[in-house]
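Take a look at the structure below.
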Amino acid sequence: MPSALFPDLSAPGTWVIGTRYAAGPDRQQALVEEESALLKPPPVGLTAVSWFLSTDGETVLTLARWDEDAEIPPFGPPRYRLYRSLAEERETRVPGCLITAAFDVDGPERQRSFTDAVIAAQPREGGHPGAISAHFLHSVDGSRVLLYTEWTSAEAHQEAAEAGDHDQGHALFSGTPGVRLTHGGRFRLCHDLR
């Protein structure tokens, strides 16, 4: 497949984001090929899709961006909107790894307060040199938060984790009332449709 680009989460629209169990690297690739073939041509209102493969070979993560006024199918993965981002204005590094953390939360106010607390806990003077950006997406039904972080490589993220750079964030993840970490993962970009 041709070289793919990470999605632009700041683009207007609604994101439909979900994971599928794949049961191995060969099946991961097959799922991406099957899904992308079904989207040619894409339905009206679908503007971009990106597929990521988990580094453990078990899941496929799909991010689909729909126009604001599109008729999104009523079934399927949750719908999200970007709430806040942490990124340098003139960032030129190309992401090599995506790290996600997904949370169930007790309503829209908890979505906002939890996200704001995690952002406030970030270092003021630069983080790990391998960290590129962090994006906080809120489900439109008020029940979920998805943390989407871009890194230069999986090794850079592992190095930051081993150095304890994430300890304060993890304390918030596990110790905030009304917030439950449901899953997360480490992914590499596989394919996109734009």
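For the structure tokens, the naming scheme is as follows: chains receive sequential letters (A, B, ...) according to their order of presentation, residues are indexed from 1 within each chain, and ligands are indexed from 1 in presentation order.
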
May I have the residues within 8 Å of Gly24 in chain A as an MDAnalysis selection string, using only C-alpha atoms and disregarding those fewer than 5 positions away in the same chain? chainID A and resid 57:59

Would you please give, as a PDB file with all heavy atoms, in the first residue's frame, all residues of range 50-113 of chain A that DSSP assigns to helix (DSSP H, G or I) based on the backbone?
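Listed below is the output, selection30.pdb:
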```
ATOM      1  N   PRO A 108     -20.575  14.823  30.503  1.00  0.00           N
ATOM      2  CA  PRO A 108     -19.815  15.886  29.836  1.00  0.00           C
ATOM      3  C   PRO A 108     -18.958  16.733  30.776  1.00  0.00           C
ATOM      4  O   PRO A 108     -17.850  17.129  30.418  1.00  0.00           O
ATOM      5  CB  PRO A 108     -20.901  16.735  29.163  1.00  0.00           C
ATOM      6  CG  PRO A 108     -22.054  15.817  28.992  1.00  0.00           C
ATOM      7  CD  PRO A 108     -22.009  14.889  30.165  1.00  0.00           C
ATOM      8  N   GLU A 109     -19.459  17.030  31.959  1.00  0.00           N
ATOM      9  CA  GLU A 109     -18.650  17.836  32.893  1.00  0.00           C
ATOM     10  C   GLU A 109     -17.391  17.076  33.299  1.00  0.00           C
ATOM     11  O   GLU A 109     -16.311  17.645  33.408  1.00  0.00           O
ATOM     12  CB  GLU A 109     -19.473  18.232  34.126  1.00  0.00           C
ATOM     13  CG  GLU A 109     -18.697  19.048  35.134  1.00  0.00           C
ATOM     14  CD  GLU A 109     -18.007  20.272  34.539  1.00  0.00           C
ATOM     15  OE1 GLU A 109     -18.596  20.942  33.666  1.00  0.00           O
ATOM     16  OE2 GLU A 109     -16.858  20.560  34.937  1.00  0.00           O
ATOM     17  N   ARG A 110     -17.513  15.764  33.499  1.00  0.00           N
ATOM     18  CA  ARG A 110     -16.339  14.948  33.840  1.00  0.00           C
ATOM     19  C   ARG A 110     -15.394  14.872  32.652  1.00  0.00           C
ATOM     20  O   ARG A 110     -14.176  14.879  32.818  1.00  0.00           O
ATOM     21  CB  ARG A 110     -16.775  13.550  34.277  1.00  0.00           C
ATOM     22  CG  ARG A 110     -15.625  12.666  34.733  1.00  0.00           C
ATOM     23  CD  ARG A 110     -14.925  13.192  35.960  1.00  0.00           C
ATOM     24  NE  ARG A 110     -15.821  13.143  37.097  1.00  0.00           N
ATOM     25  CZ  ARG A 110     -15.658  13.823  38.209  1.00  0.00           C
ATOM     26  NH1 ARG A 110     -14.621  14.619  38.357  1.00  0.00           N
ATOM     27  NH2 ARG A 110     -16.524  13.746  39.193  1.00  0.00           N
ATOM     28  N   GLN A 111     -15.914  14.809  31.430  1.00  0.00           N
ATOM     29  CA  GLN A 111     -15.048  14.859  30.247  1.00  0.00           C
ATOM     30  C   GLN A 111     -14.146  16.091  30.309  1.00  0.00           C
ATOM     31  O   GLN A 111     -12.931  15.993  30.156  1.00  0.00           O
ATOM     32  CB  GLN A 111     -15.884  14.961  28.958  1.00  0.00           C
ATOM     33  CG  GLN A 111     -16.485  13.699  28.441  1.00  0.00           C
ATOM     34  CD  GLN A 111     -17.283  13.956  27.170  1.00  0.00           C
ATOM     35  OE1 GLN A 111     -18.061  14.915  27.083  1.00  0.00           O
ATOM     36  NE2 GLN A 111     -17.108  13.096  26.181  1.00  0.00           N
ATOM     37  N   ARG A 112     -14.765  17.252  30.522  1.00  0.00           N
ATOM     38  CA  ARG A 112     -14.012  18.510  30.522  1.00  0.00           C
ATOM     39  C   ARG A 112     -13.041  18.603  31.693  1.00  0.00           C
ATOM     40  O   ARG A 112     -11.870  18.944  31.511  1.00  0.00           O
ATOM     41  CB  ARG A 112     -14.978  19.700  30.537  1.00  0.00           C
ATOM     42  CG  ARG A 112     -15.749  19.870  29.233  1.00  0.00           C
ATOM     43  CD  ARG A 112     -16.586  21.131  29.241  1.00  0.00           C
ATOM     44  NE  ARG A 112     -17.673  21.071  30.199  1.00  0.00           N
ATOM     45  CZ  ARG A 112     -18.864  20.543  29.960  1.00  0.00           C
ATOM     46  NH1 ARG A 112     -19.115  20.011  28.774  1.00  0.00           N
ATOM     47  NH2 ARG A 112     -19.801  20.534  30.882  1.00  0.00           N
ATOM     48  N   SER A 113     -13.511  18.308  32.897  1.00  0.00           N
ATOM     49  CA  SER A 113     -12.648  18.482  34.070  1.00  0.00           C
ATOM     50  C   SER A 113     -11.474  17.507  34.046  1.00  0.00           C
ATOM     51  O   SER A 113     -10.344  17.883  34.400  1.00  0.00           O
ATOM     52  CB  SER A 113     -13.451  18.348  35.366  1.00  0.00           C
ATOM     53  OG  SER A 113     -14.011  17.047  35.493  1.00  0.00           O
TER      54      SER A 113
END
```

Grab the CA of Leu53 in chain A to CA of Phe187 in chain A distance for me, in Å with one decimal place.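 Here the two named atoms are 5.3 Å from each other.
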
Would you return as number ranges by chain the members of range 40-84 of chain A that DSSP assigns to strand (DSSP E) on this structure's backbone? A: 46-54, 59-66, 79-84

Give me the range 28-118 of chain A side of the contact with range 129-153 of chain A, cut-off 10 Å, one line per residue showing its nearest atom pair and distance in Å at one decimal, counting only C-alpha atoms, sorted by chain and residue number, as a Markdown table.
```
| residue | atom | partner | partner_atom | distance |
| --- | --- | --- | --- | --- |
| A:Pro78 | CA | A:Ser139 | CA | 6.5 |
| A:Arg79 | CA | A:Ser139 | CA | 5.5 |
| A:Tyr80 | CA | A:Ser139 | CA | 4.1 |
| A:Arg81 | CA | A:Leu137 | CA | 5.4 |
| A:Leu82 | CA | A:Leu137 | CA | 4.4 |
| A:Tyr83 | CA | A:Leu137 | CA | 5.4 |
| A:Arg84 | CA | A:Phe136 | CA | 5.4 |
| A:Ser85 | CA | A:His135 | CA | 4.3 |
| A:Leu86 | CA | A:Ala134 | CA | 5.1 |
| A:Ala87 | CA | A:Ser133 | CA | 4.6 |
| A:Glu88 | CA | A:Ser133 | CA | 7.5 |
| A:Glu91 | CA | A:Ile132 | CA | 7.6 |
| A:Thr92 | CA | A:Ile132 | CA | 9.1 |
| A:Arg93 | CA | A:Ile132 | CA | 7.2 |
| A:Val94 | CA | A:Thr152 | CA | 6.7 |
| A:Pro95 | CA | A:Thr152 | CA | 4.8 |
| A:Gly96 | CA | A:Ser153 | CA | 4.7 |
| A:Cys97 | CA | A:Ser153 | CA | 5.0 |
| A:Leu98 | CA | A:Glu150 | CA | 4.9 |
| A:Ile99 | CA | A:Thr149 | CA | 5.2 |
| A:Thr100 | CA | A:Tyr148 | CA | 4.8 |
| A:Ala101 | CA | A:Leu147 | CA | 5.1 |
| A:Ala102 | CA | A:Leu146 | CA | 4.6 |
| A:Phe103 | CA | A:Val145 | CA | 5.2 |
| A:Asp104 | CA | A:Arg144 | CA | 4.6 |
| A:Val105 | CA | A:Ser143 | CA | 5.2 |
| A:Asp106 | CA | A:Ser143 | CA | 6.2 |
| A:Gly107 | CA | A:Gly142 | CA | 4.8 |
| A:Pro108 | CA | A:Gly142 | CA | 4.4 |
| A:Glu109 | CA | A:Gly142 | CA | 8.1 |
| A:Arg110 | CA | A:Gly142 | CA | 8.4 |
| A:Gln111 | CA | A:Val145 | CA | 6.3 |
| A:Arg112 | CA | A:His138 | CA | 8.4 |
| A:Phe114 | CA | A:Val145 | CA | 8.8 |
| A:Thr115 | CA | A:Phe136 | CA | 7.0 |
| A:Asp116 | CA | A:Phe136 | CA | 9.6 |
| A:Val118 | CA | A:Phe136 | CA | 9.7 |
```
